[in-house]
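What follows is start23.cif (mmCIF, C-alpha atoms (C1' of nucleotides)).
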data_input
#
loop_
_atom_site.label_atom_id
_atom_site.label_comp_id
_atom_site.auth_asym_id
_atom_site.auth_seq_id
_atom_site.Cartn_x
_atom_site.Cartn_y
_atom_site.Cartn_z
CA MET A 1 21.54 -119.18 -7.19
CA SER A 2 23.99 -121.08 -5.01
CA LYS A 3 25.39 -119.61 -1.80
CA LYS A 4 28.79 -119.33 -3.47
CA GLU A 5 27.39 -117.31 -6.37
CA LYS A 6 25.46 -115.15 -3.93
CA ILE A 7 28.63 -114.46 -1.96
CA ILE A 8 30.40 -113.40 -5.16
CA LYS A 9 27.50 -111.15 -6.10
CA VAL A 10 27.25 -109.41 -2.74
CA ALA A 11 31.04 -109.16 -2.41
CA SER A 12 31.29 -107.53 -5.83
CA LYS A 13 28.78 -104.94 -4.65
CA TYR A 14 30.83 -104.18 -1.54
CA PHE A 15 34.19 -104.16 -3.37
CA SER A 16 32.64 -101.78 -5.87
CA GLU A 17 31.05 -99.46 -3.32
CA VAL A 18 33.76 -99.15 -0.70
CA GLY A 19 36.87 -100.80 -2.18
CA TYR A 20 38.80 -103.91 -1.23
CA ASP A 21 40.13 -102.76 2.13
CA LYS A 22 36.94 -101.26 3.52
CA ALA A 23 34.80 -104.15 2.32
CA SER A 24 34.16 -106.20 5.45
CA LEU A 25 33.52 -109.91 5.10
CA ASP A 26 31.35 -109.69 8.20
CA ASP A 27 29.08 -107.33 6.28
CA VAL A 28 29.13 -109.51 3.17
CA ALA A 29 28.24 -112.58 5.25
CA LYS A 30 25.44 -110.72 7.01
CA GLU A 31 23.90 -109.58 3.73
CA VAL A 32 24.18 -112.99 2.12
CA GLY A 33 22.66 -114.52 5.22
CA VAL A 34 25.51 -116.89 6.10
CA SER A 35 28.27 -116.90 8.67
CA LYS A 36 31.63 -115.41 7.82
CA ALA A 37 33.21 -118.83 8.09
CA ALA A 38 30.97 -119.97 5.24
CA ILE A 39 32.86 -117.54 3.02
CA TYR A 40 36.09 -119.18 4.15
CA TYR A 41 34.65 -122.55 3.30
CA HIS A 42 34.26 -121.47 -0.33
CA PHE A 43 37.27 -119.15 -0.64
CA LYS A 44 40.78 -119.50 0.71
CA ASP A 45 40.90 -115.91 1.91
CA LYS A 46 39.59 -112.44 1.19
CA PHE A 47 41.85 -112.02 -1.79
CA ALA A 48 40.67 -115.29 -3.37
CA LEU A 49 37.11 -113.97 -3.16
CA TYR A 50 38.25 -110.74 -4.82
CA GLU A 51 39.94 -112.78 -7.54
CA ALA A 52 36.75 -114.69 -8.15
CA VAL A 53 34.84 -111.43 -8.56
CA LEU A 54 37.45 -109.90 -10.82
CA CYS A 55 38.09 -112.94 -13.00
CA SER A 56 34.45 -113.59 -13.75
CA ARG A 57 34.04 -110.01 -14.98
CA PHE A 58 37.25 -109.82 -16.98
CA GLY A 59 36.45 -113.17 -18.54
CA GLU A 60 33.06 -111.99 -19.76
CA LEU A 61 34.58 -108.80 -21.16
CA ALA A 62 37.38 -110.61 -22.96
CA LYS A 63 34.83 -112.90 -24.64
CA ILE A 64 32.89 -109.91 -25.98
CA ILE A 65 35.98 -108.10 -27.22
CA ASP A 66 37.37 -111.23 -28.83
CA LYS A 67 34.35 -111.51 -31.16
CA ILE A 68 34.98 -108.17 -32.84
CA ASP A 69 35.88 -108.41 -36.53
CA GLU A 70 39.03 -106.36 -36.91
CA SER A 71 39.10 -106.19 -40.70
CA LYS A 72 37.41 -102.80 -41.09
CA PRO A 73 39.47 -100.56 -38.77
CA ILE A 74 37.05 -97.71 -38.18
CA GLU A 75 34.00 -99.90 -37.65
CA ALA A 76 36.07 -102.22 -35.50
CA LEU A 77 37.36 -99.40 -33.32
CA ARG A 78 33.85 -98.04 -32.86
CA GLU A 79 32.63 -101.49 -31.91
CA TYR A 80 35.56 -101.92 -29.50
CA ILE A 81 34.67 -98.71 -27.69
CA GLU A 82 30.94 -99.29 -27.71
CA SER A 83 31.26 -102.90 -26.55
CA PHE A 84 33.37 -101.81 -23.64
CA GLY A 85 30.92 -99.03 -22.84
CA LYS A 86 27.94 -101.35 -23.02
CA PHE A 87 29.70 -103.77 -20.68
CA LEU A 88 30.10 -100.99 -18.10
CA VAL A 89 26.44 -100.09 -18.44
CA ASP A 90 25.39 -103.73 -18.01
CA LYS A 91 27.70 -104.45 -15.07
CA PRO A 92 27.42 -101.41 -12.82
CA CYS A 93 29.83 -102.81 -10.20
CA PHE A 94 32.65 -103.22 -12.68
CA SER A 95 33.46 -99.54 -13.26
CA ALA A 96 34.47 -98.78 -9.69
CA ILE A 97 36.40 -102.01 -9.23
CA PHE A 98 38.31 -101.50 -12.46
CA ALA A 99 38.93 -97.83 -11.72
CA ARG A 100 40.31 -98.66 -8.27
CA GLU A 101 42.45 -101.39 -9.75
CA LEU A 102 44.02 -98.98 -12.24
CA ALA A 103 44.46 -96.29 -9.59
CA ASP A 104 46.13 -98.89 -7.38
CA GLY A 105 48.61 -99.72 -10.11
CA ALA A 106 46.89 -103.05 -10.66
CA MET A 107 49.03 -104.21 -7.77
CA ASN A 108 46.78 -107.06 -6.79
CA MET A 109 45.39 -108.04 -10.12
CA PRO A 110 45.53 -111.81 -10.61
CA GLN A 111 47.56 -113.09 -13.54
CA SER A 112 44.54 -114.51 -15.31
CA CYS A 113 42.93 -111.06 -15.36
CA SER A 114 45.99 -109.24 -16.62
CA LYS A 115 46.27 -111.88 -19.31
CA GLN A 116 42.73 -111.15 -20.45
CA MET A 117 43.46 -107.43 -20.37
CA SER A 118 46.48 -108.13 -22.55
CA LEU A 119 44.28 -109.95 -25.04
CA ASN A 120 41.97 -106.96 -25.22
CA LEU A 121 44.93 -104.73 -25.88
CA GLN A 122 46.15 -107.12 -28.55
CA LYS A 123 42.80 -106.82 -30.30
CA LEU A 124 42.98 -103.04 -30.17
CA SER A 125 46.56 -103.16 -31.38
CA LYS A 126 45.55 -105.24 -34.39
CA ILE A 127 42.73 -102.85 -35.24
CA LEU A 128 45.16 -99.94 -35.11
CA GLN A 129 47.78 -101.81 -37.17
CA ASN A 130 45.22 -102.69 -39.82
CA GLY A 131 44.22 -99.05 -39.94
CA GLU A 132 47.86 -98.06 -40.24
CA ALA A 133 48.37 -100.50 -43.13
CA GLU A 134 45.41 -98.99 -44.92
CA ASN A 135 46.64 -95.44 -44.25
CA ILE A 136 43.54 -94.70 -42.21
CA PHE A 137 45.34 -94.27 -38.89
CA ALA A 138 48.80 -93.01 -38.03
CA LYS A 139 51.19 -95.12 -35.93
CA GLU A 140 49.92 -95.12 -32.35
CA ASN A 141 50.87 -96.33 -28.90
CA ALA A 142 48.14 -98.91 -28.34
CA PHE A 143 48.28 -98.66 -24.56
CA MET A 144 47.71 -94.94 -24.65
CA VAL A 145 44.71 -95.35 -26.96
CA GLN A 146 43.44 -98.03 -24.57
CA MET A 147 43.74 -95.54 -21.71
CA MET A 148 41.92 -92.87 -23.73
CA ILE A 149 39.03 -95.27 -24.16
CA VAL A 150 38.90 -97.05 -20.83
CA THR A 151 39.68 -94.43 -18.21
CA PRO A 152 37.11 -91.76 -19.13
CA LEU A 153 34.38 -94.40 -19.32
CA ILE A 154 35.11 -96.19 -16.05
CA ASN A 155 35.57 -92.95 -14.19
CA TYR A 156 32.42 -91.43 -15.62
CA ARG A 157 30.31 -93.82 -13.54
CA THR A 158 32.33 -93.30 -10.41
CA THR A 159 32.12 -89.50 -10.55
CA LYS A 160 28.36 -89.04 -10.57
CA LYS A 161 28.35 -87.32 -7.18
CA LEU A 162 31.31 -85.17 -8.13
CA ARG A 163 29.38 -83.90 -11.15
CA GLU A 164 26.52 -82.94 -8.88
CA VAL A 165 28.86 -81.05 -6.56
CA VAL A 166 30.51 -79.28 -9.50
CA MET A 167 27.15 -78.32 -10.97
CA ALA A 168 26.10 -76.89 -7.63
CA ASN A 169 29.30 -74.81 -7.55
CA LEU A 170 29.02 -73.57 -11.13
CA ARG A 171 25.58 -72.51 -12.20
CA ASP A 172 26.73 -71.31 -15.62
CA VAL A 173 28.31 -74.62 -16.69
CA LYS A 174 25.32 -76.62 -17.86
CA ASN A 175 24.39 -80.04 -19.15
CA ILE A 176 27.25 -81.82 -17.45
CA ASP A 177 25.41 -84.77 -15.99
CA VAL A 178 24.59 -86.86 -19.03
CA ASP A 179 23.91 -90.62 -18.92
CA LEU A 180 26.82 -92.93 -19.57
CA GLU A 181 24.90 -94.41 -22.51
CA ASP A 182 24.95 -91.05 -24.28
CA ILE A 183 28.62 -90.48 -23.52
CA ILE A 184 29.76 -93.68 -25.22
CA PRO A 185 28.99 -92.92 -28.91
CA ASN A 186 30.24 -89.39 -28.37
CA LEU A 187 33.58 -90.66 -27.05
CA ALA A 188 33.79 -93.23 -29.84
CA SER A 189 33.36 -90.56 -32.52
CA LYS A 190 35.93 -88.29 -30.88
CA ILE A 191 38.56 -91.00 -30.58
CA ILE A 192 38.04 -92.11 -34.17
CA LYS A 193 38.37 -88.51 -35.31
CA ALA A 194 41.53 -88.06 -33.25
CA LEU A 195 43.15 -91.14 -34.74
CA LYS A 196 42.18 -90.65 -38.39
CA CYS A 197 44.98 -89.48 -40.68
CA MET B 198 61.10 -77.59 6.58
CA SER B 199 58.90 -77.70 9.69
CA LYS B 200 57.78 -80.97 11.23
CA LYS B 201 54.24 -80.24 10.08
CA GLU B 202 55.34 -79.82 6.48
CA LYS B 203 57.43 -82.96 6.73
CA ILE B 204 54.44 -84.91 8.02
CA ILE B 205 52.37 -83.71 5.07
CA LYS B 206 55.12 -84.68 2.65
CA VAL B 207 55.64 -88.18 4.03
CA ALA B 208 51.90 -88.74 4.42
CA SER B 209 51.32 -87.75 0.81
CA LYS B 210 53.88 -90.38 -0.21
CA TYR B 211 52.07 -93.07 1.79
CA PHE B 212 48.60 -92.02 0.66
CA SER B 213 49.88 -92.11 -2.89
CA GLU B 214 51.62 -95.47 -2.64
CA VAL B 215 49.12 -97.53 -0.69
CA GLY B 216 45.94 -95.47 -0.49
CA TYR B 217 44.15 -93.82 2.41
CA ASP B 218 43.09 -96.94 4.28
CA LYS B 219 46.35 -98.84 4.12
CA ALA B 220 48.44 -95.79 4.96
CA SER B 221 49.39 -96.24 8.60
CA LEU B 222 50.09 -93.18 10.72
CA ASP B 223 52.54 -95.26 12.74
CA ASP B 224 54.58 -95.72 9.57
CA VAL B 225 54.31 -92.04 8.68
CA ALA B 226 55.43 -91.04 12.15
CA LYS B 227 58.35 -93.45 12.05
CA GLU B 228 59.56 -92.13 8.71
CA VAL B 229 59.21 -88.50 9.75
CA GLY B 230 61.05 -89.32 12.97
CA VAL B 231 58.33 -88.24 15.41
CA SER B 232 55.80 -90.08 17.54
CA LYS B 233 52.35 -90.74 16.20
CA ALA B 234 50.89 -88.41 18.80
CA ALA B 235 52.89 -85.59 17.23
CA ILE B 236 50.75 -86.04 14.12
CA TYR B 237 47.68 -85.66 16.30
CA TYR B 238 49.14 -82.52 17.76
CA HIS B 239 49.14 -80.94 14.30
CA PHE B 240 46.06 -82.61 12.78
CA LYS B 241 42.68 -83.39 14.30
CA ASP B 242 42.59 -86.88 12.84
CA LYS B 243 43.77 -88.96 9.91
CA PHE B 244 41.23 -87.43 7.58
CA ALA B 245 42.35 -83.90 8.45
CA LEU B 246 45.88 -84.87 7.46
CA TYR B 247 44.54 -86.28 4.20
CA GLU B 248 42.66 -83.02 3.61
CA ALA B 249 45.83 -81.05 4.17
CA VAL B 250 47.67 -83.17 1.61
CA LEU B 251 44.86 -82.91 -0.90
CA CYS B 252 44.15 -79.22 -0.47
CA SER B 253 47.76 -78.14 -0.83
CA ARG B 254 48.03 -80.00 -4.15
CA PHE B 255 44.70 -78.88 -5.54
CA GLY B 256 45.46 -75.33 -4.52
CA GLU B 257 48.75 -75.30 -6.43
CA LEU B 258 47.07 -76.83 -9.48
CA ALA B 259 44.21 -74.34 -9.46
CA LYS B 260 46.70 -71.45 -9.35
CA ILE B 261 48.49 -72.75 -12.44
CA ILE B 262 45.29 -73.36 -14.38
CA ASP B 263 43.87 -69.99 -13.41
CA LYS B 264 46.73 -68.17 -15.15
CA ILE B 265 45.92 -69.58 -18.59
CA ASP B 266 44.82 -66.98 -21.12
CA GLU B 267 41.58 -68.33 -22.56
CA SER B 268 41.27 -65.94 -25.50
CA LYS B 269 42.85 -68.19 -28.15
CA PRO B 270 40.87 -71.42 -27.76
CA ILE B 271 43.26 -73.91 -29.37
CA GLU B 272 46.39 -72.55 -27.72
CA ALA B 273 44.53 -72.27 -24.44
CA LEU B 274 43.30 -75.87 -24.62
CA ARG B 275 46.80 -77.10 -25.40
CA GLU B 276 48.16 -75.12 -22.47
CA TYR B 277 45.40 -76.45 -20.19
CA ILE B 278 46.32 -80.05 -21.04
CA GLU B 279 50.07 -79.50 -20.90
CA SER B 280 49.91 -77.57 -17.63
CA PHE B 281 47.97 -80.38 -16.05
CA GLY B 282 50.39 -82.93 -17.44
CA LYS B 283 53.40 -80.98 -16.24
CA PHE B 284 51.86 -80.77 -12.78
CA LEU B 285 51.56 -84.55 -12.68
CA VAL B 286 55.17 -84.92 -13.76
CA ASP B 287 56.35 -82.45 -11.10
CA LYS B 288 54.24 -83.92 -8.29
CA PRO B 289 54.58 -87.66 -8.67
CA CYS B 290 52.39 -88.40 -5.63
CA PHE B 291 49.41 -86.55 -7.01
CA SER B 292 48.47 -88.96 -9.81
CA ALA B 293 47.69 -91.92 -7.58
CA ILE B 294 45.88 -89.85 -4.97
CA PHE B 295 43.73 -88.14 -7.59
CA ALA B 296 43.09 -91.40 -9.43
CA ARG B 297 41.96 -93.09 -6.21
CA GLU B 298 39.79 -90.13 -5.35
CA LEU B 299 37.99 -90.32 -8.72
CA ALA B 300 37.67 -94.11 -8.50
CA ASP B 301 36.20 -93.65 -5.02
CA GLY B 302 33.57 -91.30 -6.36
CA ALA B 303 35.31 -88.38 -4.68
CA MET B 304 33.35 -89.45 -1.62
CA ASN B 305 35.71 -87.91 0.88
CA MET B 306 36.95 -84.95 -1.05
CA PRO B 307 36.86 -81.80 1.08
CA GLN B 308 34.69 -78.93 -0.13
CA SER B 309 37.64 -76.64 -0.70
CA CYS B 310 39.14 -79.15 -3.13
CA SER B 311 35.97 -79.78 -5.07
CA LYS B 312 35.59 -76.01 -5.31
CA GLN B 313 39.03 -75.73 -6.88
CA MET B 314 38.23 -78.58 -9.23
CA SER B 315 35.11 -76.68 -10.20
CA LEU B 316 37.18 -73.62 -10.99
CA ASN B 317 39.41 -75.69 -13.25
CA LEU B 318 36.36 -77.00 -15.03
CA GLN B 319 35.03 -73.47 -15.36
CA LYS B 320 38.25 -72.44 -17.08
CA LEU B 321 38.00 -75.37 -19.47
CA SER B 322 34.35 -74.59 -20.08
CA LYS B 323 35.22 -70.99 -21.00
CA ILE B 324 37.91 -72.16 -23.39
CA LEU B 325 35.42 -74.48 -25.07
CA GLN B 326 32.74 -71.79 -25.20
CA ASN B 327 35.13 -69.29 -26.76
CA GLY B 328 36.03 -71.93 -29.32
CA GLU B 329 32.38 -72.55 -29.97
CA ALA B 330 31.72 -68.84 -30.47
CA GLU B 331 34.55 -68.69 -33.00
CA ASN B 332 33.26 -71.82 -34.78
CA ILE B 333 36.47 -73.65 -33.93
CA PHE B 334 34.88 -76.20 -31.62
CA ALA B 335 31.45 -77.81 -31.61
CA LYS B 336 29.26 -77.68 -28.51
CA GLU B 337 30.75 -80.02 -25.91
CA ASN B 338 30.06 -81.41 -22.47
CA ALA B 339 32.88 -79.80 -20.53
CA PHE B 340 32.96 -82.49 -17.86
CA MET B 341 33.42 -85.19 -20.44
CA VAL B 342 36.28 -83.28 -22.05
CA GLN B 343 37.77 -82.84 -18.60
CA MET B 344 37.59 -86.60 -18.09
CA MET B 345 39.21 -87.22 -21.48
CA ILE B 346 42.13 -85.06 -20.39
CA VAL B 347 42.52 -85.93 -16.73
CA THR B 348 41.82 -89.66 -16.48
CA PRO B 349 44.29 -90.97 -19.08
CA LEU B 350 47.05 -88.81 -17.65
CA ILE B 351 46.58 -89.64 -13.98
CA ASN B 352 46.17 -93.33 -14.72
CA TYR B 353 49.19 -93.42 -17.00
CA ARG B 354 51.47 -92.99 -14.00
CA THR B 355 49.64 -95.49 -11.87
CA THR B 356 49.74 -98.23 -14.52
CA LYS B 357 53.48 -98.48 -15.08
CA LYS B 358 53.67 -102.01 -13.70
CA LEU B 359 50.60 -103.05 -15.63
CA ARG B 360 52.31 -101.97 -18.85
CA GLU B 361 55.29 -104.13 -17.96
CA VAL B 362 53.05 -107.13 -17.35
CA VAL B 363 51.17 -106.54 -20.59
CA MET B 364 54.41 -106.20 -22.54
CA ALA B 365 55.63 -109.48 -21.07
CA ASN B 366 52.39 -111.15 -22.18
CA LEU B 367 52.42 -109.69 -25.69
CA ARG B 368 55.76 -109.70 -27.40
CA ASP B 369 54.38 -108.37 -30.69
CA VAL B 370 52.84 -105.23 -29.20
CA LYS B 371 55.78 -102.88 -28.91
CA ASN B 372 56.73 -99.46 -27.68
CA ILE B 373 54.02 -99.30 -25.06
CA ASP B 374 56.01 -97.99 -22.14
CA VAL B 375 56.67 -94.39 -23.07
CA ASP B 376 57.45 -91.65 -20.55
CA LEU B 377 54.56 -89.55 -19.31
CA GLU B 378 56.32 -86.44 -20.65
CA ASP B 379 56.06 -87.79 -24.18
CA ILE B 380 52.45 -88.81 -23.77
CA ILE B 381 51.27 -85.33 -22.84
CA PRO B 382 51.79 -83.42 -26.15
CA ASN B 383 50.48 -86.45 -28.00
CA LEU B 384 47.27 -86.46 -25.96
CA ALA B 385 46.94 -82.70 -26.33
CA SER B 386 47.13 -82.91 -30.12
CA LYS B 387 44.62 -85.74 -30.22
CA ILE B 388 42.08 -83.99 -28.04
CA ILE B 389 42.39 -80.77 -30.02
CA LYS B 390 41.90 -82.71 -33.24
CA ALA B 391 38.89 -84.51 -31.79
CA LEU B 392 37.23 -81.26 -30.76
CA LYS B 393 37.96 -79.18 -33.86
CA CYS B 394 34.98 -78.59 -36.16
"C1'" DC C 395 16.46 -151.61 3.75
"C1'" DC C 396 19.02 -150.09 7.19
"C1'" DT C 397 23.24 -149.03 9.59
"C1'" DT C 398 28.03 -147.18 9.40
"C1'" DA C 399 31.40 -144.26 7.38
"C1'" DC C 400 32.24 -140.39 5.21
"C1'" DT C 401 31.51 -135.75 2.85
"C1'" DT C 402 29.49 -131.27 2.10
"C1'" DA C 403 28.18 -127.13 3.67
"C1'" DC C 404 27.86 -124.83 6.88
"C1'" DT C 405 27.72 -122.31 12.39
"C1'" DT C 406 29.46 -120.65 16.85
"C1'" DA C 407 32.71 -118.67 19.26
"C1'" DC C 408 36.80 -117.50 19.47
"C1'" DT C 409 42.18 -115.43 18.64
"C1'" DC C 410 45.33 -112.22 17.16
"C1'" DG C 411 47.18 -108.32 14.91
"C1'" DT C 412 46.65 -103.77 13.47
"C1'" DC C 413 45.67 -99.21 13.85
"C1'" DA C 414 43.17 -94.84 14.96
"C1'" DG C 415 42.94 -92.14 18.64
"C1'" DT C 416 44.03 -90.36 23.61
"C1'" DA C 417 45.50 -89.12 28.40
"C1'" DA C 418 49.04 -87.60 30.90
"C1'" DG C 419 53.55 -86.49 31.41
"C1'" DT C 420 58.04 -84.10 29.49
"C1'" DT C 421 61.08 -81.12 26.95
"C1'" DT C 422 62.18 -76.80 24.54
"C1'" DA C 423 61.95 -72.10 23.25
"C1'" DT C 424 60.78 -67.44 24.45
"C1'" DA D 425 57.04 -69.15 33.90
"C1'" DT D 426 54.37 -70.71 30.50
"C1'" DA D 427 52.88 -71.99 26.23
"C1'" DA D 428 54.09 -74.81 22.21
"C1'" DA D 429 55.72 -78.97 20.63
"C1'" DC D 430 56.27 -82.87 21.55
"C1'" DT D 431 56.81 -88.38 23.85
"C1'" DT D 432 55.38 -92.56 26.27
"C1'" DA D 433 52.26 -95.75 27.03
"C1'" DC D 434 48.11 -96.97 26.62
"C1'" DT D 435 42.78 -98.21 25.05
"C1'" DG D 436 39.23 -99.81 22.20
"C1'" DA D 437 37.40 -101.37 18.11
"C1'" DC D 438 37.37 -103.64 14.11
"C1'" DG D 439 38.26 -107.19 11.02
"C1'" DA D 440 40.78 -111.26 8.97
"C1'" DG D 441 41.24 -115.71 9.80
"C1'" DT D 442 40.50 -120.29 12.47
"C1'" DA D 443 39.33 -124.37 15.48
"C1'" DA D 444 35.92 -127.19 16.61
"C1'" DG D 445 31.48 -128.72 16.21
"C1'" DT D 446 27.14 -130.14 13.57
"C1'" DA D 447 23.05 -131.08 10.49
"C1'" DA D 448 21.97 -133.08 6.24
"C1'" DG D 449 23.04 -135.78 2.61
"C1'" DT D 450 25.34 -139.80 0.07
"C1'" DA D 451 27.56 -144.23 -0.69
"C1'" DA D 452 28.74 -148.89 0.62
"C1'" DG D 453 28.32 -153.15 3.07
"C1'" DG D 454 25.73 -156.64 5.19
#
Spit out the file's structure as structure tokens when you get a sec.
Amino acid sequence: MSKKEKIIKVASKYFSEVGYDKASLDDVAKEVGVSKAAIYYHFKDKFALYEAVLCSRFGELAKIIDKIDESKPIEALREYIESFGKFLVDKPCFSAIFARELADGAMNMPQSCSKQMSLNLQKLSKILQNGEAENIFAKENAFMVQMMIVTPLINYRTTKKLREVVMANLRDVKNIDVDLEDIIPNLASKIIKALKC
Amino acid sequence: MSKKEKIIKVASKYFSEVGYDKASLDDVAKEVGVSKAAIYYHFKDKFALYEAVLCSRFGELAKIIDKIDESKPIEALREYIESFGKFLVDKPCFSAIFARELADGAMNMPQSCSKQMSLNLQKLSKILQNGEAENIFAKENAFMVQMMIVTPLINYRTTKKLREVVMANLRDVKNIDVDLEDIIPNLASKIIKALKC
DNA sequence: CCTTACTTACTTACTCGTCAGTAAGTTTAT
DNA sequence: ATAAACTTACTGACGAGTAAGTAAGTAAGG
């Protein structure tokens, strides 16, 4: 792995763990084993490094989503949700970064990333429209459905500690802290049920 | 309104708009019309001010949720979702702060707040259990249902600009940017449908 | 095949701005 | 008079970004 790739990898860990502002490039440099100026050799500034992290992830995701066959609406919707879920499981840093980005109003999301998010939404929109044409789904606001899928999943990862605190507070509420992997098919089934005519 | 209350109000605006780290107490002080040291007269440090903001909001929310009559599961669930939604509409600063807190893993959420969040979850859990006992709902993970309710709603507010960007990218995907008020009953119906046996 | 010119990929050592937090003094209300 | 509610003016630390230097490699010319 090149130094540049290593910088991206370590930076994505820091951005994920502590957020953009608290992530210190001094720390990133120290962990990579280079000087801070080496980061500035490869990236124009802190934000360019963040862009590199974000774009690589959103690019991978968009590729996966793009492959989904949208002809059978229910199967396609399940695959859409499960693909997204699997991506979060595979890329543990992505959940927190994405969640922060949404919470932040996607204020500093590079154009290329928002374009790829748009493509994902377009895919979902087509799936829903096909379902509507076949009288399987009712007419829906695609963005809202997107939010129903994306936000519970990305925030599930980020709230692990919160679940522990809540479980400590409430002894009678059980079985709260389930693995993300088990949550995904459950959410998929619920959303499909909610959308079916 | 006392200076202290005014500080909390302005601070909550800044925390909401730019997040904890970027919110500068110099800016808060300037907008309130006091010196920064006046903030330190009323609050031990920046985090204590943040706690005050957070606790006042979570306290109000918990009071509202606590009043819900949980005997009729479906009506109670609808009221739970709509009360939460209404709270977000009434307190526009809360969405972003809550969203950031969840994205952050609720790392710096004061105990008193996580306790009140636990109480909300307990209410939801009771509603679900009553529904289960009456064979209206299946057995559910209350935390996951909580996430399905809370995360789309809080992130809906924060993603207004993202929706505009997406709509500019995709001309054929229409009617995405609906008011939060209209989203709430829609989400409530969908979640109830998803949970019904 | 070896020297010169140039590039790549860094390092060291700094600057500069911002911002949380404070010490000490001042005004205001009771 | 004295306590509460401030203000002024500062410190100290941290972190983004940079200027200047350098070792190692590559290409070109003689």
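Residues in contact with DG453 of chain D at 10 Å, where all atoms listed in the file are counted and same-chain residues fewer than 2 positions away are skipped, are listed as DT397 and DT398 of chain C; DA451 of chain D.
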Suppose a student applies the PyMOL selection byres ((chain D) within 12 of (chain A)) to this structure; what residues should they get, written as a VMD selection string? chain D and resid 438 to 443
Length of the atom CA of Gly302 of chain B to atom CA of Arg254 of chain B vector [Å]: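 Here the two named atoms are 18.5 Å from each other.
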Enumerate, as a VMD selection string, the residues matched when the PyMOL selection byres ((chain C) within 10 of (chain B)) is run on the file above. chain C and resid 412 to 416
The PyMOL selection byres ((chain A) within 6 of (chain B)) applied to the shown file, residues as a ChimeraX atom specification: /A:96,99-100,103,105,118,141,143,147-148,151-152,158-159,166,176,190,193-194
What's the separation between atom CA of Lys6 of chain A and atom CA of Ser35 of chain A, in Å to one decimal place?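 Between atom CA of Lys6 of chain A and atom CA of Ser35 of chain A the gap is 13.0 Å.
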List as number ranges by chain the residues having at least one atom at most 12 Å from position (44.3, -104.6, 23.9) as given in the file, counting all atoms listed in the file. C: 410-413; D: 434-437
Take the residues that were just selected and, keeping C-alpha atoms (C1' of nucleotides), output them as an mmCIF file, keeping the file's coordinate frame.
data_model
loop_
_atom_site.group_PDB
_atom_site.id
_atom_site.type_symbol
_atom_site.label_atom_id
_atom_site.label_comp_id
_atom_site.auth_asym_id
_atom_site.auth_seq_id
_atom_site.Cartn_x
_atom_site.Cartn_y
_atom_site.Cartn_z
ATOM 1 C "C1'" DC C 410 45.330 -112.220 17.160
ATOM 2 C "C1'" DG C 411 47.180 -108.320 14.910
ATOM 3 C "C1'" DT C 412 46.650 -103.770 13.470
ATOM 4 C "C1'" DC C 413 45.670 -99.210 13.850
ATOM 5 C "C1'" DC D 434 48.110 -96.970 26.620
ATOM 6 C "C1'" DT D 435 42.780 -98.210 25.050
ATOM 7 C "C1'" DG D 436 39.230 -99.810 22.200
ATOM 8 C "C1'" DA D 437 37.400 -101.370 18.110
#
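The spacing separating atom CA of Lys336 of chain B from atom CA of Ile324 of chain B amounts to 11.5 Å.
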Near DT402 of chain C, within 10 Å and counting all atoms listed in the file, which residues show up once chain neighbours fewer than 3 positions away are dropped, as a ChimeraX atom specification? /D:448-450
Using the selection just defined, write its residues with C-alpha atoms (C1' of nucleotides) as a CSV table (one decimal), keeping the file's coordinate frame.
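selection-v1.csv was written with the following content:
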chain,number,residue,atom,x,y,z
D,448,DA,C1',22.0,-133.1,6.2
D,449,DG,C1',23.0,-135.8,2.6
D,450,DT,C1',25.3,-139.8,0.1
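Candidate residues D:DG445, D:DT431, D:DG454, D:DA425 were compared for distance to DC395 of chain C, and the nearest is D:DG454, using all atoms listed in the file.
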Using all atoms listed in the file, find all polymer residues with an atom at most 10 Å away from the point (34.3, -118.2, 20.3); report them as a list in words.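 The requested residues, written out, are DT406, DA407, DC408 and DT409 of chain C; DA443 and DA444 of chain D.
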